[in-house]
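Participant: Data file query.cif (mmCIF, C-alpha atoms) is appended below.
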```cif
data_target
#
loop_
_atom_site.label_atom_id
_atom_site.label_comp_id
_atom_site.auth_asym_id
_atom_site.auth_seq_id
_atom_site.Cartn_x
_atom_site.Cartn_y
_atom_site.Cartn_z
CA MET H 1 0.00 0.00 0.00
CA THR H 2 1.40 3.41 -0.92
CA PRO H 3 1.14 6.28 1.55
CA ALA H 4 -1.49 8.90 0.83
CA LEU H 5 -0.16 12.10 -0.64
CA PRO H 6 -0.99 15.31 1.21
CA SER H 7 -3.99 17.03 -0.28
CA ALA H 8 -3.79 20.62 -1.47
CA ARG H 9 -7.44 20.78 -0.38
CA GLU H 10 -6.53 20.46 3.29
CA PRO H 11 -7.26 23.77 4.95
CA ALA H 12 -4.37 26.06 5.77
CA PRO H 13 -3.52 26.21 9.48
CA PRO H 14 -5.03 29.16 11.36
CA GLU H 15 -2.98 32.37 11.36
CA THR H 16 -2.30 31.91 15.09
CA VAL H 17 -0.51 28.63 14.28
CA LEU H 18 1.37 30.08 11.30
CA ARG H 19 2.62 33.03 13.39
CA GLN H 20 4.11 30.61 15.95
CA LEU H 21 5.39 27.90 13.64
CA ARG H 22 9.07 27.32 12.94
CA ILE H 23 10.10 24.58 10.56
CA PRO H 24 13.46 22.97 9.77
CA PHE H 25 15.11 24.91 6.96
CA VAL H 26 18.83 24.10 6.82
CA ARG H 27 20.79 26.02 4.20
CA LYS H 28 23.56 28.55 3.79
CA ALA H 29 22.63 32.17 4.42
CA ALA H 30 24.41 35.49 4.56
CA LEU H 31 24.18 37.82 7.56
CA VAL H 32 24.85 41.40 6.57
CA SER H 33 25.76 44.01 9.17
CA THR H 34 27.77 47.20 9.35
CA GLY H 35 30.80 44.95 9.92
CA GLY H 36 30.35 43.16 6.58
CA THR H 37 28.83 39.93 5.32
CA GLU H 38 29.21 36.59 7.07
CA GLU H 39 28.15 33.14 5.86
CA VAL H 40 26.08 31.15 8.39
CA PHE H 41 23.78 28.13 8.39
CA LEU H 42 20.09 28.75 8.75
CA ILE H 43 18.58 26.01 10.98
CA ASP H 44 14.88 26.86 11.10
CA ILE H 45 12.47 29.56 9.94
CA GLY H 46 8.99 30.92 10.57
CA LEU H 47 6.97 34.07 9.96
CA ALA H 48 8.36 35.61 13.16
CA GLY H 49 12.02 34.86 12.54
CA ALA H 50 14.79 32.33 12.08
CA PHE H 51 17.58 30.61 13.96
CA VAL H 52 21.13 30.68 12.57
CA GLU H 53 24.09 28.62 13.70
CA ARG H 54 27.07 30.73 14.76
CA ALA H 55 29.91 30.01 17.18
CA ASP H 56 30.41 33.56 18.44
CA PRO H 57 27.68 35.55 20.22
CA LEU H 58 25.82 38.39 18.57
CA PRO H 59 24.67 41.35 20.69
CA ILE H 60 20.98 41.16 21.61
CA GLY H 61 19.15 43.90 19.73
CA GLU H 62 21.69 44.17 16.90
CA LEU H 63 20.05 44.86 13.54
CA LEU H 64 21.13 42.68 10.61
CA GLU H 65 19.93 41.59 7.23
CA ILE H 66 19.63 37.93 6.31
CA ARG H 67 19.74 36.74 2.70
CA PHE H 68 19.58 33.27 1.23
CA PRO H 69 18.61 31.52 -2.01
CA TRP H 70 14.90 30.68 -2.12
CA PRO H 71 14.02 27.15 -3.27
CA GLY H 72 12.83 27.15 -6.88
CA SER H 73 13.47 30.86 -7.46
CA GLU H 74 16.27 32.99 -8.81
CA ILE H 75 15.20 35.80 -6.48
CA PRO H 76 16.82 35.41 -3.03
CA PHE H 77 14.91 35.91 0.23
CA SER H 78 15.93 38.99 2.19
CA ALA H 79 14.76 40.40 5.52
CA ARG H 80 15.92 42.90 8.11
CA CYS H 81 16.04 41.29 11.51
CA ARG H 82 16.95 41.89 15.13
CA VAL H 83 19.00 39.52 17.28
CA ALA H 84 16.33 38.43 19.78
CA TRP H 85 18.31 35.86 21.77
CA TRP H 86 21.56 33.97 21.88
CA HIS H 87 22.02 30.24 22.51
CA PRO H 88 25.52 29.23 23.68
CA GLU H 89 26.95 25.80 22.89
CA GLY H 90 25.47 23.23 25.26
CA GLY H 91 23.01 25.74 26.71
CA PRO H 92 19.77 24.22 27.98
CA LEU H 93 16.47 24.58 26.14
CA SER H 94 13.22 23.11 27.41
CA SER H 95 11.83 21.58 24.22
CA LYS H 96 14.55 21.09 21.63
CA SER H 97 18.28 21.04 21.06
CA LEU H 98 20.09 23.61 18.97
CA PRO H 99 23.68 24.31 18.04
CA PRO H 100 25.19 27.58 19.25
CA GLY H 101 23.57 30.48 17.44
CA ALA H 102 21.15 33.35 17.34
CA GLY H 103 17.39 33.68 17.28
CA LEU H 104 16.59 36.40 14.76
CA GLN H 105 13.29 38.27 14.78
CA PHE H 106 12.13 39.57 11.40
CA VAL H 107 11.43 43.29 11.59
CA GLU H 108 11.03 44.11 7.89
CA MET H 109 10.62 42.16 4.65
CA SER H 110 8.93 42.64 1.31
CA GLY H 111 5.34 41.54 0.87
CA ALA H 112 6.53 39.06 -1.78
CA ASP H 113 9.01 37.45 0.64
CA ARG H 114 6.37 37.28 3.39
CA GLU H 115 3.97 35.54 1.00
CA ARG H 116 6.65 33.07 -0.15
CA LEU H 117 7.47 32.27 3.46
CA ARG H 118 3.82 31.91 4.43
CA ALA H 119 3.13 29.62 1.44
CA MET H 120 6.10 27.42 2.40
CA LEU H 121 4.83 27.12 5.99
CA VAL H 122 1.32 26.21 4.80
CA ASP H 123 2.75 23.60 2.44
CA TYR H 124 4.91 22.17 5.23
CA CYS H 125 1.86 21.87 7.51
CA ARG H 126 -0.12 20.14 4.78
CA GLN H 127 2.68 17.64 4.25
CA ASN H 128 3.29 17.18 8.00
CA PRO H 129 -0.13 17.64 9.66
CA ARG H 130 1.09 16.38 13.06
CA VAL H 131 3.63 19.23 13.34
CA ARG H 132 1.01 21.52 14.88
CA ARG H 133 0.49 19.22 17.85
CA PHE H 134 4.08 18.47 18.75
CA MET H 135 6.12 21.64 18.26
CA ARG H 136 6.39 24.75 20.45
CA HIS H 137 7.76 27.71 18.60
CA TRP H 138 9.42 31.06 19.13
CA PRO H 139 8.51 33.83 19.90
CA GLU H 140 5.89 32.37 22.27
CA ALA H 141 8.48 29.77 23.31
CA GLU H 142 10.62 32.64 24.64
CA ARG H 143 8.05 33.22 27.36
CA GLN H 144 7.76 29.46 27.99
CA GLY H 145 11.46 28.89 28.62
CA ASP H 146 12.94 28.08 25.22
CA ASP H 147 14.76 31.39 25.11
CA PRO H 148 18.00 30.72 26.95
CA THR H 149 18.22 34.38 27.95
CA SER H 150 14.97 34.27 29.92
CA GLY H 151 14.39 32.73 33.29
#
```
Since I need it in another form, could you write the structure as structure tokens?

Facilitator:
Amino acid sequence: MTPALPSAREPAPPETVLRQLRIPFVRKAALVSTGGTEEVFLIDIGLAGAFVERADPLPIGELLEIRFPWPGSEIPFSARCRVAWWHPEGGPLSSKSLPPGAGLQFVEMSGADRERLRAMLVDYCRQNPRVRRFMRHWPEAERQGDDPTSG
């Protein structure tokens, strides 16, 4: 028996779920700051922000731009973001494990990039319907103890 394919007719998750959702999204990205451009690995992404792997801390509140190739498009994704939290190597988190890196909060992006991101999240939920029950996501997770700077 072959597994059933996800249906495009499945309803999109409610906006409250989409705003909280972060999904695995591992790929190279560029962080651009006044100090220059640095290559990092993006670990996960959501409408609210992303997590990037990085050995050295970034100052909380620092404004950066993140850019990376978008799957199936020649136009890269780009967003201005703020360093929301820092996770040191081996630091405890209550619901997941992450490499050292920074939680980035999106503060500005084009409408086209927001729609591409939203469509990807909806598609991910349709392909993985159980994800909504088992994952807690930033930024709400910050207040629930997943932000290593809180508590």

Participant: Mind telling me what the PyMOL selection byres ((chain H and resi 79-81) around 6) catches here, as JSON, numbers by chain?

Facilitator: {"H": [63, 64, 65, 66, 78, 82, 104, 105, 106, 107, 108, 109]}

Participant: So, counting all atoms listed in the file, which residue among H:Pro59, H:Pro76, H:Gly111, H:Pro11 is closest to Leu47 (chain H)?

Facilitator: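 With all atoms listed in the file as the atom set, the closest residue is H:Gly111.
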
Participant: Of the residues H:Ala48, H:Arg54, H:Glu39, H:Trp70, which is the one nearest to Glu15 (chain H), using only C-alpha atoms?

Facilitator: H:Ala48

Participant: Specify as a ChimeraX atom specification each residue included when the PyMOL selection byres ((chain H and resi 24-31) around 9) is applied to this file.

Facilitator: /H:22-23,32-33,36-45,52,64-69

Participant: Can you work out which one of H:Ser73, H:Val17, H:Ala102, H:Ser97 has the shortest atom-to-atom distance to Ala55 (chain H), counting all atoms listed in the file?

Facilitator: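 Ranking H:Ser73, H:Val17, H:Ala102, H:Ser97 by distance to Ala55 (chain H), first place goes to H:Ala102.
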